[in-house]
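Source file: structure_15.cif. Holds: mmCIF, C-alpha atoms.
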```cif
data_coords
#
loop_
_atom_site.group_PDB
_atom_site.id
_atom_site.type_symbol
_atom_site.label_atom_id
_atom_site.label_comp_id
_atom_site.auth_asym_id
_atom_site.auth_seq_id
_atom_site.Cartn_x
_atom_site.Cartn_y
_atom_site.Cartn_z
ATOM 1 C CA MET A 613 0.000 0.000 0.000
ATOM 2 C CA MET A 614 1.461 3.323 -1.075
ATOM 3 C CA GLN A 615 1.729 6.140 1.433
ATOM 4 C CA PRO A 616 -0.288 9.257 0.577
ATOM 5 C CA ARG A 617 1.699 12.194 -0.697
ATOM 6 C CA GLY A 618 1.119 14.555 2.179
ATOM 7 C CA ASN A 619 3.360 16.904 4.065
ATOM 8 C CA ARG A 620 6.513 14.967 4.862
ATOM 9 C CA PRO A 621 8.168 15.555 8.243
ATOM 10 C CA PHE A 622 11.329 17.672 8.047
ATOM 11 C CA ALA A 623 10.585 18.524 4.427
ATOM 12 C CA MET A 624 12.879 21.209 3.036
ATOM 13 C CA SER A 625 12.096 23.668 0.318
ATOM 14 C CA GLY A 626 14.424 24.334 -2.572
ATOM 15 C CA ARG A 627 15.677 27.541 -0.945
ATOM 16 C CA ALA A 628 16.394 25.732 2.319
ATOM 17 C CA LYS A 629 18.371 23.036 0.486
ATOM 18 C CA ALA A 630 20.326 25.674 -1.423
ATOM 19 C CA GLY A 631 21.079 27.504 1.830
ATOM 20 C CA LEU A 632 22.254 24.259 3.455
ATOM 21 C CA LEU A 633 24.559 23.512 0.516
ATOM 22 C CA LEU A 634 25.993 27.033 0.730
ATOM 23 C CA LEU A 635 26.621 26.586 4.451
ATOM 24 C CA VAL A 636 28.445 23.282 3.889
ATOM 25 C CA ALA A 637 30.505 24.796 1.084
ATOM 26 C CA TYR A 638 31.466 27.799 3.200
ATOM 27 C CA THR A 639 32.406 25.523 6.113
ATOM 28 C CA ILE A 640 34.811 23.614 3.884
ATOM 29 C CA TYR A 641 36.182 26.886 2.502
ATOM 30 C CA ALA A 642 36.675 28.362 5.989
ATOM 31 C CA GLY A 643 38.511 25.217 7.143
ATOM 32 C CA ALA A 644 40.873 25.470 4.174
ATOM 33 C CA GLN A 645 41.529 29.175 4.755
ATOM 34 C CA LEU A 646 42.295 28.729 8.469
ATOM 35 C CA ASP A 647 45.017 26.132 7.885
ATOM 36 C CA PHE A 648 43.149 23.372 9.689
ATOM 37 C CA SER A 649 44.871 20.025 9.175
ATOM 38 C CA TRP A 650 45.008 16.665 10.909
ATOM 39 C CA ALA A 651 48.819 16.825 11.226
ATOM 40 C CA ARG A 652 48.561 20.088 13.108
ATOM 41 C CA PHE A 653 45.912 18.569 15.361
ATOM 42 C CA GLU A 654 48.157 15.585 16.175
ATOM 43 C CA THR A 655 51.058 17.920 16.985
ATOM 44 C CA GLY A 656 48.808 19.933 19.286
ATOM 45 C CA MET A 657 47.678 16.803 21.111
ATOM 46 C CA GLY A 658 51.328 15.937 21.784
ATOM 47 C CA HIS A 659 51.961 19.399 23.247
ATOM 48 C CA ALA A 660 48.767 19.105 25.305
ATOM 49 C CA SER A 661 49.880 15.806 26.850
ATOM 50 C CA THR A 662 53.195 17.387 27.884
ATOM 51 C CA PHE A 663 51.376 20.388 29.314
ATOM 52 C CA LEU A 664 48.945 18.226 31.298
ATOM 53 C CA ALA A 665 51.792 16.094 32.641
ATOM 54 C CA ARG A 666 53.380 19.237 34.096
ATOM 55 C CA MET A 667 50.094 20.303 35.703
ATOM 56 C CA PHE A 668 49.836 17.257 37.961
ATOM 57 C CA PRO A 669 50.063 16.856 40.852
ATOM 58 C CA PRO A 670 48.588 20.308 41.644
ATOM 59 C CA ASN A 671 50.548 22.571 43.968
ATOM 60 C CA PHE A 672 48.552 23.992 46.880
ATOM 61 C CA GLU A 673 51.613 25.329 48.695
ATOM 62 C CA LYS A 674 50.620 28.975 48.126
ATOM 63 C CA PRO A 675 47.270 29.170 49.919
ATOM 64 C CA ALA A 676 47.532 32.879 50.762
ATOM 65 C CA THR A 677 48.016 33.878 47.112
ATOM 66 C CA LEU A 678 45.352 31.455 45.905
ATOM 67 C CA TRP A 679 42.632 32.385 48.383
ATOM 68 C CA LYS A 680 43.273 36.103 48.041
ATOM 69 C CA GLY A 681 42.531 35.903 44.322
ATOM 70 C CA ILE A 682 39.560 33.562 44.846
ATOM 71 C CA ALA A 683 38.067 35.847 47.502
ATOM 72 C CA GLU A 684 38.390 38.877 45.222
ATOM 73 C CA SER A 685 36.742 36.969 42.350
ATOM 74 C CA LEU A 686 33.830 36.031 44.606
ATOM 75 C CA GLU A 687 33.424 39.636 45.706
ATOM 76 C CA ILE A 688 33.472 40.836 42.096
ATOM 77 C CA ALA A 689 30.919 38.204 41.047
ATOM 78 C CA VAL A 690 28.521 38.964 43.921
ATOM 79 C CA LEU A 691 28.664 42.756 43.519
ATOM 80 C CA ALA A 692 28.345 42.602 39.735
ATOM 81 C CA SER A 693 25.398 40.185 39.978
ATOM 82 C CA VAL A 694 23.548 42.338 42.512
ATOM 83 C CA LEU A 695 24.113 45.546 40.556
ATOM 84 C CA GLY A 696 23.233 43.844 37.278
ATOM 85 C CA ILE A 697 19.964 42.505 38.686
ATOM 86 C CA VAL A 698 19.011 45.855 40.206
ATOM 87 C CA PHE A 699 19.542 47.684 36.893
ATOM 88 C CA ALA A 700 18.264 44.895 34.630
ATOM 89 C CA LEU A 701 14.841 44.703 36.312
ATOM 90 C CA PRO A 702 13.618 48.183 35.270
ATOM 91 C CA VAL A 703 15.419 48.029 31.918
ATOM 92 C CA GLY A 704 13.844 44.657 31.119
ATOM 93 C CA LEU A 705 10.400 45.915 32.115
ATOM 94 C CA LEU A 706 10.767 49.063 30.014
ATOM 95 C CA GLY A 707 11.840 46.952 27.035
ATOM 96 C CA ALA A 708 8.713 44.749 27.044
ATOM 97 C CA ARG A 709 6.651 45.783 24.023
ATOM 98 C CA ASN A 710 3.424 44.351 25.433
ATOM 99 C CA MET A 711 3.672 46.580 28.511
ATOM 100 C CA MET A 712 5.273 49.766 27.227
ATOM 101 C CA PRO A 713 4.787 52.046 24.206
ATOM 102 C CA ALA A 714 7.307 51.922 21.371
ATOM 103 C CA TRP A 715 8.979 55.208 22.315
ATOM 104 C CA VAL A 716 9.870 53.626 25.699
ATOM 105 C CA SER A 717 10.598 50.026 24.704
ATOM 106 C CA TRP A 718 12.976 50.688 21.821
ATOM 107 C CA PRO A 719 15.487 52.814 23.778
ATOM 108 C CA ALA A 720 15.493 50.204 26.547
ATOM 109 C CA ARG A 721 16.019 47.374 24.068
ATOM 110 C CA SER A 722 18.791 49.369 22.402
ATOM 111 C CA LEU A 723 20.517 49.749 25.772
ATOM 112 C CA VAL A 724 20.302 45.981 26.350
ATOM 113 C CA ALA A 725 21.691 45.320 22.872
ATOM 114 C CA LEU A 726 24.536 47.767 23.528
ATOM 115 C CA CYS A 727 25.424 45.967 26.768
ATOM 116 C CA ARG A 728 25.515 42.665 24.885
ATOM 117 C CA ALA A 729 27.449 43.949 21.895
ATOM 118 C CA LEU A 730 30.943 43.516 23.350
ATOM 119 C CA HIS A 731 32.559 40.618 25.172
ATOM 120 C CA PRO A 732 33.135 41.192 28.916
ATOM 121 C CA VAL A 733 36.910 41.096 28.369
ATOM 122 C CA ILE A 734 36.696 43.950 25.851
ATOM 123 C CA VAL A 735 34.475 45.933 28.227
ATOM 124 C CA ALA A 736 36.935 45.211 31.053
ATOM 125 C CA ILE A 737 39.800 46.615 28.968
ATOM 126 C CA LEU A 738 37.797 49.798 28.405
ATOM 127 C CA PHE A 739 37.049 50.161 32.110
ATOM 128 C CA VAL A 740 40.685 49.436 33.015
ATOM 129 C CA LYS A 741 41.646 52.362 30.790
ATOM 130 C CA ALA A 742 38.931 54.495 32.394
ATOM 131 C CA VAL A 743 39.222 53.709 36.127
ATOM 132 C CA GLY A 744 42.568 51.941 36.324
ATOM 133 C CA PHE A 745 43.603 48.445 37.325
ATOM 134 C CA GLY A 746 41.752 46.624 40.076
ATOM 135 C CA ALA A 747 38.445 45.108 41.068
ATOM 136 C CA LEU A 748 36.366 48.205 40.237
ATOM 137 C CA ALA A 749 36.958 47.712 36.518
ATOM 138 C CA GLY A 750 35.915 44.074 36.801
ATOM 139 C CA ILE A 751 32.754 44.928 38.732
ATOM 140 C CA LEU A 752 31.716 47.530 36.163
ATOM 141 C CA ALA A 753 32.459 45.241 33.220
ATOM 142 C CA LEU A 754 30.490 42.312 34.632
ATOM 143 C CA THR A 755 27.636 44.624 35.653
ATOM 144 C CA VAL A 756 27.312 45.694 32.022
ATOM 145 C CA ALA A 757 27.323 42.042 30.938
ATOM 146 C CA SER A 758 24.682 41.188 33.551
ATOM 147 C CA ILE A 759 22.401 43.996 32.375
ATOM 148 C CA GLY A 760 22.684 42.744 28.808
ATOM 149 C CA PHE A 761 21.972 39.096 29.641
ATOM 150 C CA ILE A 762 19.285 39.417 32.323
ATOM 151 C CA GLY A 763 17.666 42.422 30.643
ATOM 152 C CA LYS A 764 17.192 40.577 27.350
ATOM 153 C CA LEU A 765 15.833 37.373 28.891
ATOM 154 C CA PHE A 766 13.634 39.268 31.351
ATOM 155 C CA THR A 767 12.169 41.319 28.501
ATOM 156 C CA GLU A 768 11.393 38.206 26.492
ATOM 157 C CA ALA A 769 9.853 36.515 29.543
ATOM 158 C CA ILE A 770 7.514 39.485 30.119
ATOM 159 C CA GLU A 771 6.503 39.508 26.452
ATOM 160 C CA GLU A 772 5.452 35.839 26.732
ATOM 161 C CA ILE A 773 3.127 36.270 29.737
ATOM 162 C CA SER A 774 -0.632 35.889 29.594
ATOM 163 C CA LEU A 775 -2.294 39.303 29.472
ATOM 164 C CA LYS A 776 -5.513 37.936 30.986
ATOM 165 C CA GLN A 777 -4.061 38.112 34.481
ATOM 166 C CA VAL A 778 -2.767 41.625 33.789
ATOM 167 C CA GLU A 779 -6.178 42.779 32.571
ATOM 168 C CA ALA A 780 -7.855 41.208 35.604
ATOM 169 C CA VAL A 781 -5.637 43.207 37.955
ATOM 170 C CA ARG A 782 -6.232 46.378 35.928
ATOM 171 C CA ALA A 783 -9.990 45.831 36.143
ATOM 172 C CA THR A 784 -9.805 46.204 39.915
ATOM 173 C CA GLY A 785 -8.574 49.774 39.488
ATOM 174 C CA ALA A 786 -5.037 48.928 40.613
ATOM 175 C CA SER A 787 -2.192 51.311 39.934
ATOM 176 C CA PHE A 788 0.522 50.556 37.387
ATOM 177 C CA ALA A 789 2.923 49.466 40.142
ATOM 178 C CA ASN A 790 0.340 47.022 41.508
ATOM 179 C CA VAL A 791 -0.284 45.678 38.017
ATOM 180 C CA ILE A 792 3.429 44.920 37.720
ATOM 181 C CA VAL A 793 3.679 43.386 41.199
ATOM 182 C CA PHE A 794 0.510 41.268 41.089
ATOM 183 C CA GLY A 795 -0.052 40.746 37.358
ATOM 184 C CA VAL A 796 3.395 40.489 35.777
ATOM 185 C CA LEU A 797 5.994 39.417 38.346
ATOM 186 C CA PRO A 798 4.169 36.262 39.541
ATOM 187 C CA GLN A 799 4.257 34.939 35.970
ATOM 188 C CA VAL A 800 7.981 35.521 35.436
ATOM 189 C CA PHE A 801 9.388 35.123 38.939
ATOM 190 C CA ALA A 802 10.449 31.488 38.515
ATOM 191 C CA ARG A 803 12.292 32.236 35.290
ATOM 192 C CA PHE A 804 13.889 35.319 36.801
ATOM 193 C CA ILE A 805 15.349 33.246 39.641
ATOM 194 C CA GLY A 806 16.870 30.953 37.036
ATOM 195 C CA PHE A 807 18.305 33.920 35.127
ATOM 196 C CA ALA A 808 19.816 35.408 38.284
ATOM 197 C CA THR A 809 21.449 32.173 39.483
ATOM 198 C CA TYR A 810 22.877 31.448 36.047
ATOM 199 C CA GLN A 811 24.252 34.964 35.760
ATOM 200 C CA PHE A 812 26.021 34.596 39.093
ATOM 201 C CA ASP A 813 27.730 31.448 37.800
ATOM 202 C CA SER A 814 28.629 33.281 34.605
ATOM 203 C CA ASN A 815 30.036 36.262 36.510
ATOM 204 C CA LEU A 816 32.128 33.950 38.657
ATOM 205 C CA ARG A 817 33.642 32.387 35.552
ATOM 206 C CA ASN A 818 34.052 35.706 33.760
ATOM 207 C CA SER A 819 35.747 37.237 36.804
ATOM 208 C CA THR A 820 38.684 34.976 35.965
ATOM 209 C CA MET A 821 38.847 36.224 32.388
ATOM 210 C CA VAL A 822 38.591 39.919 33.200
ATOM 211 C CA GLY A 823 41.337 39.470 35.790
ATOM 212 C CA ILE A 824 43.733 38.501 33.007
ATOM 213 C CA VAL A 825 43.486 42.045 31.599
ATOM 214 C CA GLY A 826 44.006 43.649 35.018
ATOM 215 C CA ALA A 827 40.407 43.926 36.253
ATOM 216 C CA GLY A 828 40.989 42.146 39.559
ATOM 217 C CA GLY A 829 40.231 38.641 40.735
ATOM 218 C CA VAL A 830 42.088 35.377 40.470
ATOM 219 C CA GLY A 831 42.637 35.879 36.738
ATOM 220 C CA GLY A 832 45.719 37.983 37.404
ATOM 221 C CA THR A 833 47.148 35.256 39.637
ATOM 222 C CA LEU A 834 46.376 32.646 36.966
ATOM 223 C CA PHE A 835 48.018 34.698 34.222
ATOM 224 C CA SER A 836 51.128 35.265 36.354
ATOM 225 C CA ALA A 837 51.376 31.524 37.003
ATOM 226 C CA PHE A 838 51.230 30.871 33.262
ATOM 227 C CA GLN A 839 53.915 33.475 32.659
ATOM 228 C CA ARG A 840 56.205 31.763 35.220
ATOM 229 C CA PHE A 841 55.475 28.304 33.701
ATOM 230 C CA ASP A 842 54.226 27.355 37.162
ATOM 231 C CA TYR A 843 51.774 24.835 35.752
ATOM 232 C CA ASP A 844 51.217 22.864 38.955
ATOM 233 C CA PHE A 845 49.974 26.067 40.622
ATOM 234 C CA VAL A 846 47.806 26.691 37.536
ATOM 235 C CA SER A 847 46.249 23.283 38.126
ATOM 236 C CA ALA A 848 45.552 24.173 41.757
ATOM 237 C CA ILE A 849 43.793 27.391 40.706
ATOM 238 C CA LEU A 850 41.694 25.634 38.061
ATOM 239 C CA LEU A 851 40.649 22.828 40.405
ATOM 240 C CA THR A 852 39.645 25.377 43.039
ATOM 241 C CA LEU A 853 37.560 27.277 40.493
ATOM 242 C CA ILE A 854 35.836 24.059 39.393
ATOM 243 C CA ALA A 855 35.014 23.208 43.009
ATOM 244 C CA ILE A 856 33.588 26.694 43.612
ATOM 245 C CA ILE A 857 31.432 26.493 40.466
ATOM 246 C CA MET A 858 30.057 23.135 41.626
ATOM 247 C CA LEU A 859 29.284 24.585 45.052
ATOM 248 C CA GLY A 860 27.586 27.492 43.305
ATOM 249 C CA GLU A 861 25.357 25.031 41.446
ATOM 250 C CA ILE A 862 24.347 23.446 44.761
ATOM 251 C CA LEU A 863 23.662 26.907 46.193
ATOM 252 C CA ALA A 864 21.509 27.731 43.153
ATOM 253 C CA GLY A 865 19.419 24.642 43.887
ATOM 254 C CA PHE A 866 18.936 25.850 47.463
ATOM 255 C CA VAL A 867 17.898 29.301 46.221
ATOM 256 C CA ARG A 868 15.327 27.859 43.816
ATOM 257 C CA ALA A 869 13.926 25.608 46.540
ATOM 258 C CA VAL A 870 13.619 28.503 48.997
ATOM 259 C CA PHE A 871 12.036 31.018 46.610
ATOM 260 C CA LEU A 872 9.987 28.739 44.369
ATOM 261 C CA ASP A 873 9.007 25.831 46.637
ATOM 262 C CA ASN A 874 8.869 27.819 49.927
ATOM 263 C CA LEU A 875 10.992 25.228 51.694
ATOM 264 C CA GLY A 876 13.191 25.811 54.718
ATOM 265 C CA PHE A 877 16.816 24.770 54.768
ATOM 266 C CA ASP A 878 16.020 21.894 57.140
ATOM 267 C CA ARG A 879 13.459 20.438 54.719
ATOM 268 C CA ILE A 880 15.814 20.927 51.791
ATOM 269 C CA LEU A 881 18.623 19.090 53.551
ATOM 270 C CA GLN A 882 16.237 16.362 54.635
ATOM 271 C CA GLY A 883 15.064 15.908 51.055
ATOM 272 C CA ARG A 884 18.643 15.822 49.761
ATOM 273 C CA PHE A 885 19.768 13.204 52.252
ATOM 274 C CA SER A 886 16.614 11.130 51.782
ATOM 275 C CA GLY A 887 17.083 11.198 48.015
ATOM 276 C CA ALA A 888 20.735 10.210 48.387
ATOM 277 C CA ARG A 889 19.772 7.211 50.526
ATOM 278 C CA GLY A 890 16.977 6.280 48.113
ATOM 279 C CA ILE A 891 14.267 6.509 50.771
ATOM 280 C CA SER A 892 11.787 8.361 48.607
ATOM 281 C CA ALA A 893 12.643 6.493 45.418
ATOM 282 C CA GLY A 894 9.846 3.972 45.873
ATOM 283 C CA LYS A 895 7.193 6.431 46.947
ATOM 284 C CA PRO A 896 4.679 7.665 44.374
ATOM 285 C CA THR A 897 4.873 11.205 43.124
ATOM 286 C CA ALA A 898 1.707 12.247 44.985
ATOM 287 C CA ALA A 899 3.136 11.037 48.314
ATOM 288 C CA ARG A 900 6.380 12.941 47.804
ATOM 289 C CA LYS A 901 4.434 16.062 46.855
ATOM 290 C CA ALA A 902 2.342 15.752 49.993
ATOM 291 C CA GLU A 903 5.492 15.563 52.101
ATOM 292 C CA VAL A 904 6.828 18.723 50.465
ATOM 293 C CA ASP A 905 3.525 20.573 50.927
ATOM 294 C CA GLU A 906 3.242 19.523 54.586
#
```
Go ahead and render the structure in this file as structure tokens.
Amino acid sequence: MMQPRGNRPFAMSGRAKAGLLLLVAYTIYAGAQLDFSWARFETGMGHASTFLARMFPPNFEKPATLWKGIAESLEIAVLASVLGIVFALPVGLLGARNMMPAWVSWPARSLVALCRALHPVIVAILFVKAVGFGALAGILALTVASIGFIGKLFTEAIEEISLKQVEAVRATGASFANVIVFGVLPQVFARFIGFATYQFDSNLRNSTMVGIVGAGGVGGTLFSAFQRFDYDFVSAILLTLIAIIMLGEILAGFVRAVFLDNLGFDRILQGRFSGARGISAGKPTAARKAEVDE
């Protein structure tokens, strides 16, 4: 029995096929222009194995230098995240086209696009030239990056909300501020918590990069270790950063549980330990939900 000639899944038009062929052709052309070869890749793998052999075992014999840089990176990440969130909230709201007129939304969206136009390292170089070396340049650079990231995603989240709840709050005669608080924020709060926690992780990673150009943090210590060929100390710095990022992920889970599930730290820890021991694995979903809601 022959299949009917209907719309085939993943069907591509002639223009889409031509565009795909052009993309493949340009990829091959770009690889040829950039001197990409398998021999060069093999040579690089040999150098990488030598480099990794010199990185282990890691050297933790300079704890004062290491923790000073790590502490400064944490301070930069926290301050930049807080400032970025504070400024991104009104900018993101002003950029929502379903809540604001065009003469308000377009300037706000242009500001967000401007903050996202340059990489944080480039922005850090500009601020280093403006305010000098140190943590202030890093804080300002990562604040700009936070405004660009959170502002864009917050704007898009507001534009995707249901306007029925907004109109219901307006029908009560509420002011514009109350419409935002009771009609808009409840619909985007969960996503905003996710944006904020991710941006903190991003700022913690980027604080290392901006430090390489003199904007404070552990990046300067890492760059100096590379310059001295002190690769075992480089390994210690990288392992410490990985551990901090993993702890930050655990902290983000705690934050989401506190703000979104209204759980206390004791219940969160109890749930974590119970899940690790497999106590709640055999319970049905409804029973676990009842325990959380208790």
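Nearest-residue note for Phe835 (chain A): choosing from A:Ile857, A:Ile697, A:Met667, A:Ile849, the minimum distance belongs to A:Ile849, counting all atoms listed in the file.
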Separation of CA of Ala802 (chain A) from CA of Leu765 (chain A), in Å and rounded to one decimal: 12.5 Å
Nearest to Phe866 (chain A), chosen from A:Ile773, A:Leu695, A:Ile805, A:Leu726, with only C-alpha atoms counted in the distances: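 Closest to Phe866 (chain A), using only C-alpha atoms: A:Ile805.
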The PyMOL selection byres ((chain A and resi 698) around 12) applied to the shown file, residues as a PyMOL selection string: chain A and resi 691-697+699-705+755-756+758-759+762-763+808
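Residues selected in this file by the PyMOL selection byres ((chain A and resi 676-684) around 9) comprise Phe672, Glu673, Lys674, Pro675, Ser685, Leu686, Glu687, Ile688, Ala689, Ala747, Ser819, Gly828, Gly829, Val830, Gly831, Gly832, Thr833, Leu834, Phe845, Ala848, Ile849, Thr852 and Leu853 of chain A.
Taking only C-alpha atoms into account, Ala757 (chain A) lies nearest to A:Ser814 out of the set A:Leu706, A:Gly744, A:Arg721, A:Ser814.
Taking all atoms listed in the file into account, Leu816 (chain A) lies nearest to A:Val690 out of the set A:Phe804, A:Ala789, A:Val690, A:Val778.
Between CA of Ile770 (chain A) and CA of Glu861 (chain A) lies a distance of 25.6 Å.
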Could you put an axis-aligned box around every listed atom of region 762-769 of chain A, padded by 6 Å on each side, and send me its centre and edge lengths in Å to one decimal, as JSON?
```
{"center_x": 14.6, "center_y": 39.5, "center_z": 29.4, "size_x": 21.4, "size_y": 17.9, "size_z": 17.8}
```
Point-to-point distance from CA of Ala869 (chain A) to CA of Ala769 (chain A), Å rounded to tenths: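 Answer for the CA of Ala869 (chain A) to CA of Ala769 (chain A) separation: 20.6 Å.
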Best match for closeness to Leu851 (chain A) among A:Glu771, A:Asn671, A:Asp813, A:Arg868, counting all atoms listed in the file: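 So, comparing all the options, the nearest one is A:Asn671.
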Return region 703-721 of chain A, completed with N, CA and C atoms, as a PDB file, in the frame of the given file.
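Saved result, out-v6.pdb, follows:
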```pdb
ATOM      1  N   VAL A 703      15.116  47.977  33.357  1.00  0.00           N
ATOM      2  CA  VAL A 703      15.419  48.029  31.918  1.00  0.00           C
ATOM      3  C   VAL A 703      14.641  46.947  31.177  1.00  0.00           C
ATOM      4  N   GLY A 704      14.600  45.724  31.755  1.00  0.00           N
ATOM      5  CA  GLY A 704      13.844  44.657  31.119  1.00  0.00           C
ATOM      6  C   GLY A 704      12.355  44.950  31.062  1.00  0.00           C
ATOM      7  N   LEU A 705      11.818  45.559  32.113  1.00  0.00           N
ATOM      8  CA  LEU A 705      10.400  45.915  32.115  1.00  0.00           C
ATOM      9  C   LEU A 705      10.108  46.988  31.073  1.00  0.00           C
ATOM     10  N   LEU A 706      10.977  47.994  30.994  1.00  0.00           N
ATOM     11  CA  LEU A 706      10.767  49.063  30.014  1.00  0.00           C
ATOM     12  C   LEU A 706      10.905  48.551  28.582  1.00  0.00           C
ATOM     13  N   GLY A 707      11.651  47.480  28.382  1.00  0.00           N
ATOM     14  CA  GLY A 707      11.840  46.952  27.035  1.00  0.00           C
ATOM     15  C   GLY A 707      10.741  46.031  26.560  1.00  0.00           C
ATOM     16  N   ALA A 708       9.804  45.653  27.432  1.00  0.00           N
ATOM     17  CA  ALA A 708       8.713  44.749  27.044  1.00  0.00           C
ATOM     18  C   ALA A 708       7.702  45.501  26.186  1.00  0.00           C
ATOM     19  N   ARG A 709       7.524  45.069  24.946  1.00  0.00           N
ATOM     20  CA  ARG A 709       6.651  45.783  24.023  1.00  0.00           C
ATOM     21  C   ARG A 709       5.171  45.583  24.312  1.00  0.00           C
ATOM     22  N   ASN A 710       4.827  44.544  25.079  1.00  0.00           N
ATOM     23  CA  ASN A 710       3.424  44.351  25.433  1.00  0.00           C
ATOM     24  C   ASN A 710       3.004  45.143  26.668  1.00  0.00           C
ATOM     25  N   MET A 711       3.975  45.801  27.321  1.00  0.00           N
ATOM     26  CA  MET A 711       3.672  46.580  28.511  1.00  0.00           C
ATOM     27  C   MET A 711       3.975  48.060  28.331  1.00  0.00           C
ATOM     28  N   MET A 712       4.828  48.390  27.397  1.00  0.00           N
ATOM     29  CA  MET A 712       5.273  49.766  27.227  1.00  0.00           C
ATOM     30  C   MET A 712       5.063  50.220  25.781  1.00  0.00           C
ATOM     31  N   PRO A 713       4.878  51.537  25.578  1.00  0.00           N
ATOM     32  CA  PRO A 713       4.787  52.046  24.206  1.00  0.00           C
ATOM     33  C   PRO A 713       6.125  51.958  23.492  1.00  0.00           C
ATOM     34  N   ALA A 714       6.098  52.090  22.182  1.00  0.00           N
ATOM     35  CA  ALA A 714       7.307  51.922  21.371  1.00  0.00           C
ATOM     36  C   ALA A 714       8.376  52.944  21.711  1.00  0.00           C
ATOM     37  N   TRP A 715       7.984  54.176  22.038  1.00  0.00           N
ATOM     38  CA  TRP A 715       8.979  55.208  22.315  1.00  0.00           C
ATOM     39  C   TRP A 715       9.714  54.951  23.629  1.00  0.00           C
ATOM     40  N   VAL A 716       9.190  54.022  24.469  1.00  0.00           N
ATOM     41  CA  VAL A 716       9.870  53.626  25.699  1.00  0.00           C
ATOM     42  C   VAL A 716      10.623  52.313  25.502  1.00  0.00           C
ATOM     43  N   SER A 717      10.004  51.361  24.811  1.00  0.00           N
ATOM     44  CA  SER A 717      10.598  50.026  24.704  1.00  0.00           C
ATOM     45  C   SER A 717      11.837  50.007  23.817  1.00  0.00           C
ATOM     46  N   TRP A 718      11.833  50.767  22.734  1.00  0.00           N
ATOM     47  CA  TRP A 718      12.976  50.688  21.821  1.00  0.00           C
ATOM     48  C   TRP A 718      14.267  51.249  22.414  1.00  0.00           C
ATOM     49  N   PRO A 719      14.246  52.390  23.116  1.00  0.00           N
ATOM     50  CA  PRO A 719      15.487  52.814  23.778  1.00  0.00           C
ATOM     51  C   PRO A 719      15.988  51.806  24.803  1.00  0.00           C
ATOM     52  N   ALA A 720      15.069  51.198  25.562  1.00  0.00           N
ATOM     53  CA  ALA A 720      15.493  50.204  26.547  1.00  0.00           C
ATOM     54  C   ALA A 720      16.091  48.980  25.869  1.00  0.00           C
ATOM     55  N   ARG A 721      15.480  48.528  24.793  1.00  0.00           N
ATOM     56  CA  ARG A 721      16.019  47.374  24.068  1.00  0.00           C
ATOM     57  C   ARG A 721      17.352  47.715  23.411  1.00  0.00           C
TER      58      ARG A 721
END
```
